[in-house]
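Asks: Below is structure_9.cif; it holds mmCIF, C-alpha atoms and all ligand atoms.
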data_input
#
loop_
_atom_site.label_atom_id
_atom_site.label_comp_id
_atom_site.auth_asym_id
_atom_site.auth_seq_id
_atom_site.Cartn_x
_atom_site.Cartn_y
_atom_site.Cartn_z
CA MET A 1 207.55 114.87 -68.82
CA ILE A 2 205.23 111.98 -68.19
CA LEU A 3 202.43 110.83 -70.45
CA VAL A 4 199.44 109.05 -68.92
CA ILE A 5 197.34 106.82 -71.14
CA ASN A 6 193.92 105.33 -70.43
CA ALA A 7 192.82 103.18 -73.35
CA GLY A 8 189.42 101.81 -74.26
CA SER A 9 188.62 99.48 -77.15
CA SER A 10 188.01 102.40 -79.52
CA SER A 11 189.41 105.35 -77.58
CA ILE A 12 192.56 106.63 -75.90
CA LYS A 13 192.46 109.30 -73.20
CA PHE A 14 195.81 110.98 -72.64
CA LYS A 15 197.29 113.58 -70.33
CA LEU A 16 200.77 115.04 -70.42
CA PHE A 17 202.37 116.17 -67.16
CA SER A 18 205.36 118.37 -66.54
CA VAL A 19 207.23 116.88 -63.58
CA SER A 20 209.74 119.64 -62.86
CA ASP A 21 208.27 119.68 -59.35
CA ILE A 22 208.30 115.96 -58.63
CA LYS A 23 205.86 116.19 -55.74
CA ASN A 24 203.33 118.14 -57.73
CA PRO A 25 203.11 117.15 -61.39
CA LEU A 26 201.47 119.80 -63.52
CA PRO A 27 199.07 118.77 -66.30
CA ILE A 28 199.97 120.72 -69.44
CA LEU A 29 197.89 119.01 -72.10
CA GLU A 30 195.04 116.55 -72.25
CA GLY A 31 192.96 114.94 -74.93
CA LEU A 32 190.98 112.09 -76.35
CA SER A 33 191.33 110.03 -79.52
CA GLU A 34 188.09 108.29 -80.27
CA ARG A 35 186.28 106.29 -82.92
CA ILE A 36 189.52 104.33 -83.46
CA GLY A 37 188.85 101.61 -86.02
CA VAL A 38 185.65 103.40 -87.07
CA ASP A 39 186.77 106.68 -88.68
CA GLY A 40 188.74 108.70 -86.17
CA PHE A 41 188.45 111.91 -84.18
CA MET A 42 190.86 113.57 -81.78
CA LYS A 43 190.52 116.53 -79.45
CA ILE A 44 193.24 118.20 -77.43
CA LYS A 45 193.17 120.92 -74.77
CA PHE A 46 196.43 122.83 -74.48
CA ASN A 47 197.16 126.32 -73.14
CA ASN A 48 193.43 126.91 -72.59
CA GLU A 49 192.75 126.33 -76.28
CA LYS A 50 190.84 123.47 -77.82
CA PHE A 51 191.98 121.69 -80.98
CA GLU A 52 190.07 119.10 -83.02
CA TYR A 53 191.30 116.75 -85.71
CA SER A 54 189.40 114.38 -87.99
CA ASN A 55 192.29 112.22 -89.20
CA ALA A 56 191.60 108.58 -90.01
CA LEU A 57 192.49 106.36 -87.04
CA PRO A 58 192.38 102.76 -88.30
CA ASN A 59 194.11 101.40 -85.17
CA HIS A 60 195.69 102.35 -81.82
CA GLU A 61 199.18 102.61 -83.31
CA VAL A 62 198.13 105.28 -85.80
CA ALA A 63 196.26 107.06 -83.00
CA ILE A 64 199.33 107.13 -80.72
CA ALA A 65 201.56 108.31 -83.58
CA LEU A 66 199.12 111.15 -84.27
CA VAL A 67 199.01 112.11 -80.58
CA LEU A 68 202.80 112.46 -80.53
CA GLU A 69 202.84 114.35 -83.82
CA LYS A 70 200.28 116.85 -82.50
CA PHE A 71 202.20 117.30 -79.22
CA GLN A 72 205.17 118.49 -81.31
CA GLU A 73 203.07 120.55 -83.71
CA LEU A 74 201.41 122.38 -80.80
CA GLY A 75 204.76 122.95 -79.11
CA ALA A 76 203.95 120.90 -75.99
CA ILE A 77 207.16 118.92 -76.59
CA LYS A 78 210.11 119.49 -78.94
CA ASN A 79 210.71 115.80 -79.56
CA LYS A 80 209.53 112.41 -78.27
CA ASP A 81 212.57 112.02 -76.00
CA GLU A 82 211.20 114.70 -73.71
CA ILE A 83 208.65 112.10 -72.58
CA HIS A 84 210.58 110.41 -69.83
CA ALA A 85 208.05 107.65 -69.14
CA ILE A 86 204.52 106.55 -69.92
CA GLY A 87 202.00 105.37 -67.34
CA PHE A 88 199.13 103.14 -68.43
CA ARG A 89 195.87 102.53 -66.67
CA VAL A 90 195.27 98.78 -66.69
CA VAL A 91 191.99 97.60 -65.24
CA HIS A 92 192.97 94.10 -64.11
CA GLY A 93 196.30 93.33 -62.48
CA GLY A 94 195.22 89.99 -61.02
CA LYS A 95 197.34 89.42 -57.95
CA LEU A 96 199.70 92.33 -58.60
CA ALA A 97 199.37 94.57 -55.57
CA LYS A 98 201.25 97.63 -56.84
CA SER A 99 201.99 99.64 -59.96
CA VAL A 100 204.96 98.13 -61.81
CA VAL A 101 207.40 98.84 -64.62
CA ILE A 102 206.28 96.88 -67.66
CA ASN A 103 208.81 94.18 -68.51
CA ASP A 104 208.20 90.93 -70.41
CA GLU A 105 206.87 89.18 -67.31
CA VAL A 106 204.42 91.98 -66.43
CA TYR A 107 203.32 92.17 -70.05
CA GLN A 108 202.48 88.46 -69.97
CA ILE A 109 200.57 88.86 -66.69
CA ILE A 110 198.45 91.67 -68.16
CA LYS A 111 197.85 89.51 -71.21
CA SER A 112 196.85 86.51 -69.16
CA ASN A 113 194.45 88.71 -67.17
CA ILE A 114 192.46 89.36 -70.35
CA GLU A 115 190.54 86.27 -69.34
CA LEU A 116 189.53 87.99 -66.10
CA ALA A 117 188.71 91.34 -67.71
CA PRO A 118 187.74 90.64 -71.32
CA LEU A 119 186.02 94.00 -71.67
CA HIS A 120 188.95 96.04 -70.37
CA ASN A 121 192.44 94.51 -70.53
CA PRO A 122 192.62 93.95 -74.32
CA ALA A 123 192.67 97.72 -74.91
CA ALA A 124 195.62 98.14 -72.52
CA ILE A 125 197.59 95.45 -74.36
CA THR A 126 196.78 96.98 -77.75
CA VAL A 127 197.99 100.40 -76.69
CA ILE A 128 201.11 99.08 -74.92
CA ASP A 129 201.97 97.23 -78.16
CA ALA A 130 201.45 100.42 -80.14
CA VAL A 131 203.69 102.49 -77.85
CA LYS A 132 206.39 99.78 -77.86
CA LYS A 133 206.63 100.11 -81.63
CA ILE A 134 206.81 103.89 -81.68
CA MET A 135 208.81 104.64 -78.51
CA SER A 136 210.70 101.43 -77.90
CA SER A 137 213.20 102.88 -75.43
CA THR A 138 210.73 104.81 -73.24
CA LYS A 139 210.01 103.31 -69.83
CA MET A 140 206.46 102.13 -69.33
CA VAL A 141 204.52 101.60 -66.10
CA ALA A 142 201.24 99.79 -65.53
CA CYS A 143 198.86 101.03 -62.81
CA PHE A 144 196.05 98.66 -61.94
CA ASP A 145 192.52 99.32 -60.77
CA THR A 146 192.65 96.12 -58.76
CA ALA A 147 195.99 96.73 -56.97
CA PHE A 148 194.74 98.88 -54.09
CA HIS A 149 192.30 96.18 -52.97
CA GLN A 150 194.83 93.39 -52.59
CA THR A 151 194.82 94.03 -48.83
CA MET A 152 191.40 92.35 -48.39
CA ASN A 153 191.31 89.30 -46.16
CA LYS A 154 190.33 85.90 -47.50
CA GLU A 155 186.95 85.97 -45.77
CA GLU A 156 186.17 89.15 -47.74
CA PHE A 157 187.55 88.21 -51.12
CA LEU A 158 186.36 84.59 -51.31
CA TYR A 159 182.88 83.76 -52.56
CA PRO A 160 180.83 81.02 -50.88
CA VAL A 161 181.26 78.68 -53.85
CA PRO A 162 183.27 75.44 -54.22
CA ASN A 163 186.88 76.02 -53.17
CA ASN A 164 188.39 74.87 -56.41
CA TRP A 165 186.74 77.78 -58.30
CA TYR A 166 189.25 80.00 -56.52
CA GLU A 167 192.13 77.57 -56.50
CA ASP A 168 191.85 76.44 -60.11
CA PHE A 169 190.34 79.46 -61.82
CA GLY A 170 191.06 82.50 -59.62
CA VAL A 171 187.40 83.21 -58.88
CA ARG A 172 187.50 85.80 -56.07
CA LYS A 173 186.61 89.39 -55.38
CA TYR A 174 189.25 91.70 -56.89
CA GLY A 175 187.63 95.13 -56.64
CA PHE A 176 188.21 98.02 -59.03
CA HIS A 177 188.64 101.85 -59.15
CA GLY A 178 191.72 101.31 -56.96
CA ILE A 179 193.69 104.14 -58.59
CA SER A 180 190.94 106.56 -57.60
CA TYR A 181 190.71 105.19 -54.04
CA ASN A 182 194.47 105.50 -53.65
CA TYR A 183 194.31 109.13 -54.76
CA ILE A 184 191.44 109.95 -52.40
CA VAL A 185 193.16 108.35 -49.41
CA GLU A 186 196.38 110.29 -50.14
CA ASN A 187 194.46 113.50 -50.65
CA TYR A 188 192.34 113.13 -47.52
CA SER A 189 195.47 112.35 -45.54
CA LYS A 190 196.96 115.67 -46.71
CA LEU A 191 193.72 117.52 -46.02
CA SER A 192 193.21 116.11 -42.52
CA GLY A 193 196.88 116.06 -41.53
CA LYS A 194 196.38 112.45 -40.39
CA SER A 195 198.72 109.69 -41.44
CA LYS A 196 197.25 107.33 -44.05
CA ASN A 197 197.73 104.44 -41.65
CA ASP A 198 195.35 106.06 -39.17
CA LEU A 199 192.55 106.73 -41.62
CA ASN A 200 189.21 104.94 -41.69
CA LEU A 201 187.15 106.05 -44.66
CA ILE A 202 184.11 105.08 -46.66
CA VAL A 203 184.76 106.26 -50.19
CA CYS A 204 181.96 106.27 -52.77
CA HIS A 205 183.35 106.39 -56.31
CA LEU A 206 180.17 107.13 -58.25
CA GLY A 207 180.90 107.57 -61.96
CA ASN A 208 179.49 105.69 -64.92
CA GLY A 209 180.95 102.66 -63.25
CA ALA A 210 180.52 102.91 -59.51
CA SER A 211 181.80 101.28 -56.37
CA ILE A 212 182.21 101.92 -52.64
CA SER A 213 185.13 100.86 -50.48
CA ALA A 214 185.61 100.45 -46.76
CA ILE A 215 189.11 101.63 -45.92
CA LYS A 216 190.63 100.80 -42.54
CA ASN A 217 194.03 102.20 -41.56
CA GLY A 218 194.46 103.41 -45.13
CA LYS A 219 193.81 99.99 -46.70
CA THR A 220 190.81 98.38 -48.35
CA ILE A 221 189.05 95.87 -46.14
CA ASP A 222 186.06 95.47 -48.43
CA THR A 223 184.72 96.87 -51.66
CA THR A 224 181.50 96.48 -53.63
CA MET A 225 182.85 95.41 -57.03
CA GLY A 226 183.88 91.80 -57.28
CA PHE A 227 185.35 89.29 -59.68
CA THR A 228 184.41 91.76 -62.40
CA PRO A 229 183.24 95.39 -62.40
CA LEU A 230 179.66 94.16 -62.85
CA ALA A 231 179.16 93.50 -59.14
CA GLY A 232 177.95 95.70 -56.30
CA LEU A 233 176.12 98.96 -56.88
CA MET A 234 173.62 99.71 -59.60
CA MET A 235 175.50 101.82 -62.19
CA GLY A 236 174.97 103.74 -65.43
CA THR A 237 174.50 100.63 -67.55
CA ARG A 238 175.47 97.79 -65.17
CA SER A 239 173.02 96.01 -62.93
CA GLY A 240 175.31 95.49 -59.95
CA ASP A 241 174.32 92.60 -57.66
CA ILE A 242 171.34 90.54 -58.73
CA ASP A 243 170.21 86.99 -58.05
CA PRO A 244 172.53 84.92 -60.30
CA SER A 245 169.65 82.60 -61.23
CA ILE A 246 168.07 85.42 -63.25
CA ILE A 247 170.67 84.79 -65.97
CA GLN A 248 169.59 81.19 -66.52
CA PHE A 249 165.93 82.16 -66.34
CA ILE A 250 166.24 84.93 -68.96
CA CYS A 251 168.32 82.69 -71.22
CA LYS A 252 165.52 80.13 -71.18
CA LYS A 253 162.76 82.70 -71.64
CA THR A 254 164.41 84.63 -74.50
CA GLY A 255 166.62 82.02 -76.17
CA LYS A 256 169.60 84.32 -75.62
CA THR A 257 173.02 82.90 -74.70
CA VAL A 258 174.71 83.45 -71.33
CA ASP A 259 177.12 85.84 -73.11
CA GLU A 260 174.25 87.85 -74.52
CA VAL A 261 172.43 88.13 -71.21
CA THR A 262 175.69 89.04 -69.41
CA ASN A 263 176.19 91.72 -72.02
CA ILE A 264 172.74 93.11 -71.23
CA LEU A 265 173.64 93.19 -67.53
CA ASN A 266 176.81 95.13 -68.42
CA LYS A 267 175.50 97.48 -71.06
CA GLU A 268 171.72 97.80 -70.91
CA SER A 269 170.89 97.66 -67.22
CA GLY A 270 171.39 100.00 -64.25
CA LEU A 271 170.08 103.55 -64.68
CA LEU A 272 169.61 102.94 -68.41
CA GLY A 273 167.69 99.71 -67.98
CA MET A 274 165.42 100.94 -65.19
CA SER A 275 164.71 104.41 -66.55
CA GLY A 276 164.45 103.24 -70.16
CA LEU A 277 165.95 106.64 -70.98
CA SER A 278 169.64 107.09 -70.38
CA ALA A 279 172.71 105.86 -68.54
CA ASP A 280 173.68 109.44 -67.80
CA MET A 281 172.70 110.57 -64.31
CA ARG A 282 172.02 114.12 -65.53
CA ASP A 283 169.38 112.87 -67.99
CA VAL A 284 167.73 110.71 -65.34
CA LEU A 285 167.72 113.62 -62.87
CA ASP A 286 166.16 115.88 -65.53
CA ALA A 287 163.48 113.29 -66.33
CA ASN A 288 162.72 112.97 -62.63
CA GLU A 289 162.19 116.75 -62.45
CA LYS A 290 159.56 116.26 -65.15
CA ASN A 291 157.87 113.61 -62.99
CA ASP A 292 158.90 110.62 -65.10
CA GLU A 293 157.88 107.65 -62.95
CA LYS A 294 160.55 105.24 -64.20
CA ALA A 295 163.32 107.81 -63.75
CA LYS A 296 162.08 108.45 -60.21
CA LEU A 297 162.13 104.76 -59.39
CA ALA A 298 165.59 104.30 -60.90
CA LEU A 299 166.95 107.18 -58.83
CA THR A 300 165.38 105.96 -55.61
CA LYS A 301 166.80 102.49 -56.18
CA TYR A 302 170.26 103.88 -57.05
CA ASN A 303 170.42 106.11 -53.99
CA GLN A 304 169.04 103.48 -51.63
CA ILE A 305 171.67 100.95 -52.74
CA VAL A 306 174.44 103.48 -52.10
CA ALA A 307 173.04 104.30 -48.65
CA ASP A 308 172.71 100.58 -47.76
CA TRP A 309 176.35 99.86 -48.59
CA ILE A 310 177.61 102.84 -46.63
CA VAL A 311 175.75 101.61 -43.56
CA LYS A 312 177.08 98.09 -44.05
CA PHE A 313 180.64 99.35 -44.40
CA ALA A 314 180.32 101.63 -41.37
CA ASN A 315 179.41 98.53 -39.42
CA LYS A 316 182.46 96.74 -40.83
CA LEU A 317 184.59 99.64 -39.64
CA GLU A 318 183.03 99.18 -36.19
CA GLY A 319 181.48 102.63 -36.43
CA LYS A 320 184.92 104.28 -36.44
CA VAL A 321 184.64 106.32 -39.62
CA ASP A 322 186.78 109.45 -40.04
CA ALA A 323 184.87 110.58 -43.12
CA ILE A 324 182.51 109.55 -45.87
CA ILE A 325 183.75 110.82 -49.24
CA PHE A 326 181.81 111.12 -52.51
CA THR A 327 183.87 111.21 -55.68
CA ALA A 328 183.80 110.72 -59.51
CA GLY A 329 181.23 112.32 -61.86
CA ILE A 330 178.10 111.68 -59.79
CA GLY A 331 179.73 111.82 -56.36
CA GLU A 332 181.51 115.08 -57.13
CA ASN A 333 178.60 116.81 -58.83
CA SER A 334 175.21 115.41 -57.99
CA VAL A 335 173.75 117.51 -55.20
CA ARG A 336 170.59 115.39 -55.16
CA THR A 337 172.43 112.06 -54.91
CA ARG A 338 174.49 113.25 -51.95
CA LYS A 339 171.43 114.74 -50.28
CA PHE A 340 169.28 111.63 -50.63
CA VAL A 341 172.04 109.32 -49.50
CA MET A 342 172.95 111.43 -46.48
CA ASN A 343 169.31 111.70 -45.45
CA ASN A 344 169.06 107.91 -45.54
CA LEU A 345 171.99 106.96 -43.36
CA HIS A 346 169.60 106.95 -40.41
CA ILE A 347 171.68 104.98 -37.96
CA LEU A 348 174.92 106.86 -38.69
CA GLY A 349 173.71 110.31 -37.67
CA THR A 350 175.07 112.18 -40.67
CA GLU A 351 173.55 115.60 -41.21
CA ILE A 352 173.69 117.59 -44.41
CA ASP A 353 174.62 121.26 -44.77
CA GLU A 354 172.15 122.10 -47.55
CA GLU A 355 173.83 125.33 -48.56
CA ALA A 356 177.34 123.87 -48.68
CA ASN A 357 176.06 120.88 -50.66
CA HIS A 358 174.86 123.27 -53.40
CA ASN A 359 178.30 124.69 -54.11
CA PHE A 360 179.25 123.48 -57.60
CA SER A 361 182.39 125.48 -58.05
CA TYR A 362 184.64 123.99 -55.39
CA GLU A 363 188.11 123.08 -56.45
CA ASP A 364 189.48 120.09 -54.59
CA HIS A 365 186.98 119.19 -51.88
CA LEU A 366 183.78 120.34 -50.27
CA LEU A 367 182.50 119.60 -46.77
CA VAL A 368 178.80 118.86 -47.28
CA SER A 369 177.87 117.83 -43.75
CA SER A 370 176.84 120.17 -40.94
CA LYS A 371 178.94 120.96 -37.88
CA THR A 372 176.78 118.62 -35.81
CA SER A 373 176.99 115.67 -38.23
CA ALA A 374 178.22 112.52 -36.45
CA ILE A 375 180.56 111.82 -39.38
CA PRO A 376 181.99 114.48 -41.70
CA VAL A 377 180.92 113.98 -45.32
CA TYR A 378 182.87 115.39 -48.26
CA ALA A 379 182.66 115.69 -52.01
CA MET A 380 186.19 115.36 -53.36
CA ARG A 381 187.52 115.52 -56.91
CA THR A 382 189.41 112.41 -57.84
CA ASP A 383 192.41 112.52 -60.17
CA GLU A 384 193.33 109.09 -61.46
CA GLU A 385 195.72 110.50 -64.06
CA LYS A 386 197.71 112.37 -61.43
CA MET A 387 197.93 109.20 -59.34
CA ILE A 388 199.20 107.24 -62.37
CA CYS A 389 201.68 110.03 -63.10
CA LEU A 390 203.02 109.96 -59.53
CA ASP A 391 203.41 106.16 -59.54
CA THR A 392 205.08 106.28 -62.96
CA LEU A 393 207.45 108.96 -61.78
CA ASN A 394 208.32 107.08 -58.59
CA LEU A 395 209.06 103.88 -60.46
CA THR A 396 211.17 105.43 -63.21
CA LYS A 397 213.04 108.39 -61.72
P1 LIG A 401 183.46 107.47 -65.93
O1 LIG A 401 184.83 108.07 -65.67
O2 LIG A 401 183.17 106.23 -65.16
O3 LIG A 401 183.09 107.41 -67.36
P2 LIG A 401 182.51 109.88 -64.63
O4 LIG A 401 183.26 109.82 -63.35
O5 LIG A 401 182.91 110.91 -65.63
O6 LIG A 401 182.40 108.48 -65.32
O7 LIG A 401 180.96 110.11 -64.25
C1 LIG A 401 179.98 110.18 -65.22
C2 LIG A 401 178.63 110.36 -64.54
O8 LIG A 401 178.66 111.58 -63.78
C3 LIG A 401 177.47 110.46 -65.51
O9 LIG A 401 176.39 109.67 -65.07
C4 LIG A 401 177.10 111.92 -65.41
O10 LIG A 401 175.73 112.13 -65.64
C5 LIG A 401 177.43 112.23 -63.97
N1 LIG A 401 177.51 113.69 -63.76
C6 LIG A 401 178.39 114.57 -64.25
N2 LIG A 401 178.07 115.83 -63.88
C7 LIG A 401 176.94 115.74 -63.13
C8 LIG A 401 176.09 116.68 -62.44
N3 LIG A 401 176.35 117.96 -62.46
N4 LIG A 401 175.03 116.18 -61.78
C9 LIG A 401 174.75 114.87 -61.78
N5 LIG A 401 175.49 113.95 -62.39
C10 LIG A 401 176.58 114.36 -63.06
#
Write the structure described by the file as structure tokens, please.

Replies:
Amino acid sequence: MILVINAGSSSIKFKLFSVSDIKNPLPILEGLSERIGVDGFMKIKFNNEKFEYSNALPNHEVAIALVLEKFQELGAIKNKDEIHAIGFRVVHGGKLAKSVVINDEVYQIIKSNIELAPLHNPAAITVIDAVKKIMSSTKMVACFDTAFHQTMNKEEFLYPVPNNWYEDFGVRKYGFHGISYNYIVENYSKLSGKSKNDLNLIVCHLGNGASISAIKNGKTIDTTMGFTPLAGLMMGTRSGDIDPSIIQFICKKTGKTVDEVTNILNKESGLLGMSGLSADMRDVLDANEKNDEKAKLALTKYNQIVADWIVKFANKLEGKVDAIIFTAGIGENSVRTRKFVMNNLHILGTEIDEEANHNFSYEDHLLVSSKTSAIPVYAMRTDEEKMICLDTLNLTK
């Protein structure tokens, strides 16, 4: 069995896979430990039943120990040794271009990348430390959100700033959500019967965090997120691209520090900042239905930015686009987002199939464009945990 762990600063998402069929891992249990360091709450879904626990979770180590205890109590595993390996989602891998087994060197790289991803990498280190203590002999694999994008050329990943910012400090575009992009490319390759190396795709990963990637011959040539996940599209709470001078201006006007203003751009901007209501797309869509002006403006801005990037990336792919794919929470589920975006790709000739676009209950993928659309457009469910499981399995079998 393989355990996949996705850790945040106060939460751990986990999913346990049976890998008897090594090509098709089967999820058998999933759950979430949250409020770690606050009080502690854990929920688990197993055998179509839901279980909830309110044990105190003072730190990640206690949380992981409780996860393993509950696995045994519920009968998902008999003992810890049945877990053959653990795969971790790590946001920033720096220059690492692939998932890797965690040894001392990799551990140090992840640690040194904390500087590049201060909001994300510390949680991965904390949880890796916790697992090391409890399951010291179990193999561990790190899967990075940045890895898939390491194929970008220098002219794409460099910023037009002094050279030494890159050379001395590693300032460059890294890109994120790579685990999801990798999954979508693999899945579309299966669906279309085309080899990955022949696929040109524009994939829109629209979740709380959101990005779009241009994929040529199965590899990223450009992506909207940058040095950090703050860049590119407008998101749930992140601003995406803005004029960098705004930071200095707001610091002066409000007396806030650069850190404080950057925090506002990360956590109080995007849909939340513009609507003044919520970071959750469903809430903003509901408010729009009730004619809330700010919600309407936030939605229009959000959708227009997505459409603009798709057009830009289609141009980068020289118009040779096999498919446009919407994925993650908003991409998979928001009928209105897909409709608006597709109706605003004027020069690409995409055409929506209104009825198909309204199907909520599709399993893996849904063709939302009409037969006469110049480019097929899909909604497709991403599965980052499965991708991590497959990489972990491949590296440890
Ligand atoms: P993350 O993994 O980045 O936390 P998700 O991929 O789960 O995020 O996406 C969360 C977003 O998806 C939220 O903004 C949520 O409102 C949106 N979402 C989920 N279901 C729907 C739906 N039916 N319609 C519109 N938006 C939805």

Asks: In terms of the shortest atom-to-atom distance over only C-alpha atoms and all ligand atoms, which of A:Ser33, A:Thr350, A:Thr382, A:Ser373 is closest to ligand LIG 401 (chain A)?

Replies: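 Under the stated criterion, the closest residue is A:Thr382.
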
Asks: Output as a Markdown table one row per residue of region 272-354 of chain A within 12 Å of region 179-183 of chain A: the closest atom pair and its distance in Å to one decimal place, counting all atoms listed in the file, sorted by chain and residue number ascending.

Replies:
| residue | atom | partner | partner_atom | distance |
| --- | --- | --- | --- | --- |
| A:Ile325 | CA | A:Tyr181 | CA | 10.2 |
| A:Phe326 | CA | A:Tyr181 | CA | 10.8 |
| A:Thr327 | CA | A:Ser180 | CA | 8.7 |
| A:Ala328 | CA | A:Ser180 | CA | 8.5 |

Asks: Report as a Markdown table: every residue of region 149-262 of chain A with an atom at most 12 Å from region 120-140 of chain A, its closest pair of atoms, and their distance in Å to one decimal, counting all atoms listed in the file, with rows sorted by chain and ascending residue number.

Replies:
| residue | atom | partner | partner_atom | distance |
| --- | --- | --- | --- | --- |
| A:Phe176 | CA | A:His120 | CA | 11.5 |
| A:Thr228 | CA | A:His120 | CA | 10.1 |
| A:Pro229 | CA | A:His120 | CA | 9.8 |

Asks: Counting only C-alpha atoms and all ligand atoms, give me one row per residue of chain A with an atom at most 10 Å from an atom of ligand LIG 401 (chain A), showing the shortest contact pair and its distance in Å to one decimal, sorted by chain then residue number, as JSON lines.

Replies:
{"residue": "A:His177", "atom": "CA", "partner": "A:LIG401", "partner_atom": "O2", "distance": 9.2}
{"residue": "A:His205", "atom": "CA", "partner": "A:LIG401", "partner_atom": "O4", "distance": 7.8}
{"residue": "A:Leu206", "atom": "CA", "partner": "A:LIG401", "partner_atom": "O4", "distance": 6.5}
{"residue": "A:Gly207", "atom": "CA", "partner": "A:LIG401", "partner_atom": "O7", "distance": 3.4}
{"residue": "A:Asn208", "atom": "CA", "partner": "A:LIG401", "partner_atom": "O2", "distance": 3.7}
{"residue": "A:Gly209", "atom": "CA", "partner": "A:LIG401", "partner_atom": "O2", "distance": 4.6}
{"residue": "A:Ala210", "atom": "CA", "partner": "A:LIG401", "partner_atom": "O2", "distance": 7.1}
{"residue": "A:Met235", "atom": "CA", "partner": "A:LIG401", "partner_atom": "O9", "distance": 8.4}
{"residue": "A:Gly236", "atom": "CA", "partner": "A:LIG401", "partner_atom": "O9", "distance": 6.1}
{"residue": "A:Thr237", "atom": "CA", "partner": "A:LIG401", "partner_atom": "O9", "distance": 9.6}
{"residue": "A:Leu271", "atom": "CA", "partner": "A:LIG401", "partner_atom": "O9", "distance": 8.8}
{"residue": "A:Ser278", "atom": "CA", "partner": "A:LIG401", "partner_atom": "O9", "distance": 9.0}
{"residue": "A:Ala279", "atom": "CA", "partner": "A:LIG401", "partner_atom": "O9", "distance": 6.3}
{"residue": "A:Asp280", "atom": "CA", "partner": "A:LIG401", "partner_atom": "O9", "distance": 3.9}
{"residue": "A:Met281", "atom": "CA", "partner": "A:LIG401", "partner_atom": "O10", "distance": 3.7}
{"residue": "A:Arg282", "atom": "CA", "partner": "A:LIG401", "partner_atom": "O10", "distance": 4.2}
{"residue": "A:Asp283", "atom": "CA", "partner": "A:LIG401", "partner_atom": "O10", "distance": 6.8}
{"residue": "A:Val284", "atom": "CA", "partner": "A:LIG401", "partner_atom": "O10", "distance": 8.1}
{"residue": "A:Leu285", "atom": "CA", "partner": "A:LIG401", "partner_atom": "C9", "distance": 7.2}
{"residue": "A:Asp286", "atom": "CA", "partner": "A:LIG401", "partner_atom": "C9", "distance": 9.4}
{"residue": "A:Thr327", "atom": "CA", "partner": "A:LIG401", "partner_atom": "O4", "distance": 7.8}
{"residue": "A:Ala328", "atom": "CA", "partner": "A:LIG401", "partner_atom": "O4", "distance": 4.0}
{"residue": "A:Gly329", "atom": "CA", "partner": "A:LIG401", "partner_atom": "O7", "distance": 3.3}
{"residue": "A:Ile330", "atom": "CA", "partner": "A:LIG401", "partner_atom": "O8", "distance": 4.0}
{"residue": "A:Gly331", "atom": "CA", "partner": "A:LIG401", "partner_atom": "O8", "distance": 7.5}
{"residue": "A:Glu332", "atom": "CA", "partner": "A:LIG401", "partner_atom": "C7", "distance": 7.6}
{"residue": "A:Asn333", "atom": "CA", "partner": "A:LIG401", "partner_atom": "C8", "distance": 4.4}
{"residue": "A:Ser334", "atom": "CA", "partner": "A:LIG401", "partner_atom": "C9", "distance": 3.9}
{"residue": "A:Val335", "atom": "CA", "partner": "A:LIG401", "partner_atom": "N4", "distance": 6.8}
{"residue": "A:Arg336", "atom": "CA", "partner": "A:LIG401", "partner_atom": "C9", "distance": 7.8}
{"residue": "A:Thr337", "atom": "CA", "partner": "A:LIG401", "partner_atom": "C9", "distance": 7.8}
{"residue": "A:Arg338", "atom": "CA", "partner": "A:LIG401", "partner_atom": "C9", "distance": 10.0}
{"residue": "A:Phe360", "atom": "CA", "partner": "A:LIG401", "partner_atom": "N3", "distance": 7.9}
{"residue": "A:Arg381", "atom": "CA", "partner": "A:LIG401", "partner_atom": "O4", "distance": 9.6}
{"residue": "A:Thr382", "atom": "CA", "partner": "A:LIG401", "partner_atom": "O4", "distance": 8.7}
{"residue": "A:Glu384", "atom": "CA", "partner": "A:LIG401", "partner_atom": "O1", "distance": 9.5}

Asks: Quote the spacing between CA of Ile109 (chain A) and CA of Gly93 (chain A) in Å to one decimal place.

Replies: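 For CA of Ile109 (chain A) relative to CA of Gly93 (chain A), the distance reads 7.5 Å.
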
Asks: Within 10 Å of (187.0, 99.9, -71.9) in the file's own coordinates, which protein, DNA or RNA residues have an atom, counting all atoms listed in the file? List them as a list in words.

Replies: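 Residues found, by chain and rising number: Asn6, Ala7, Gly8, Ser9, Ser10, Ser11, Ile12, Val90, Val91, Ala117, Pro118, Leu119, His120, Asn121, Pro122, Ala123 and Ala124 of chain A.
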
Asks: Which centre and which edge lengths, in Å to one decimal, describe the axis-aligned box that holds all listed atoms of region 93-112 of chain A after 4 Å is added on each side, as JSON?

Replies:
{"center_x": 202.0, "center_y": 93.1, "center_z": -63.4, "size_x": 21.6, "size_y": 21.1, "size_z": 23.6}
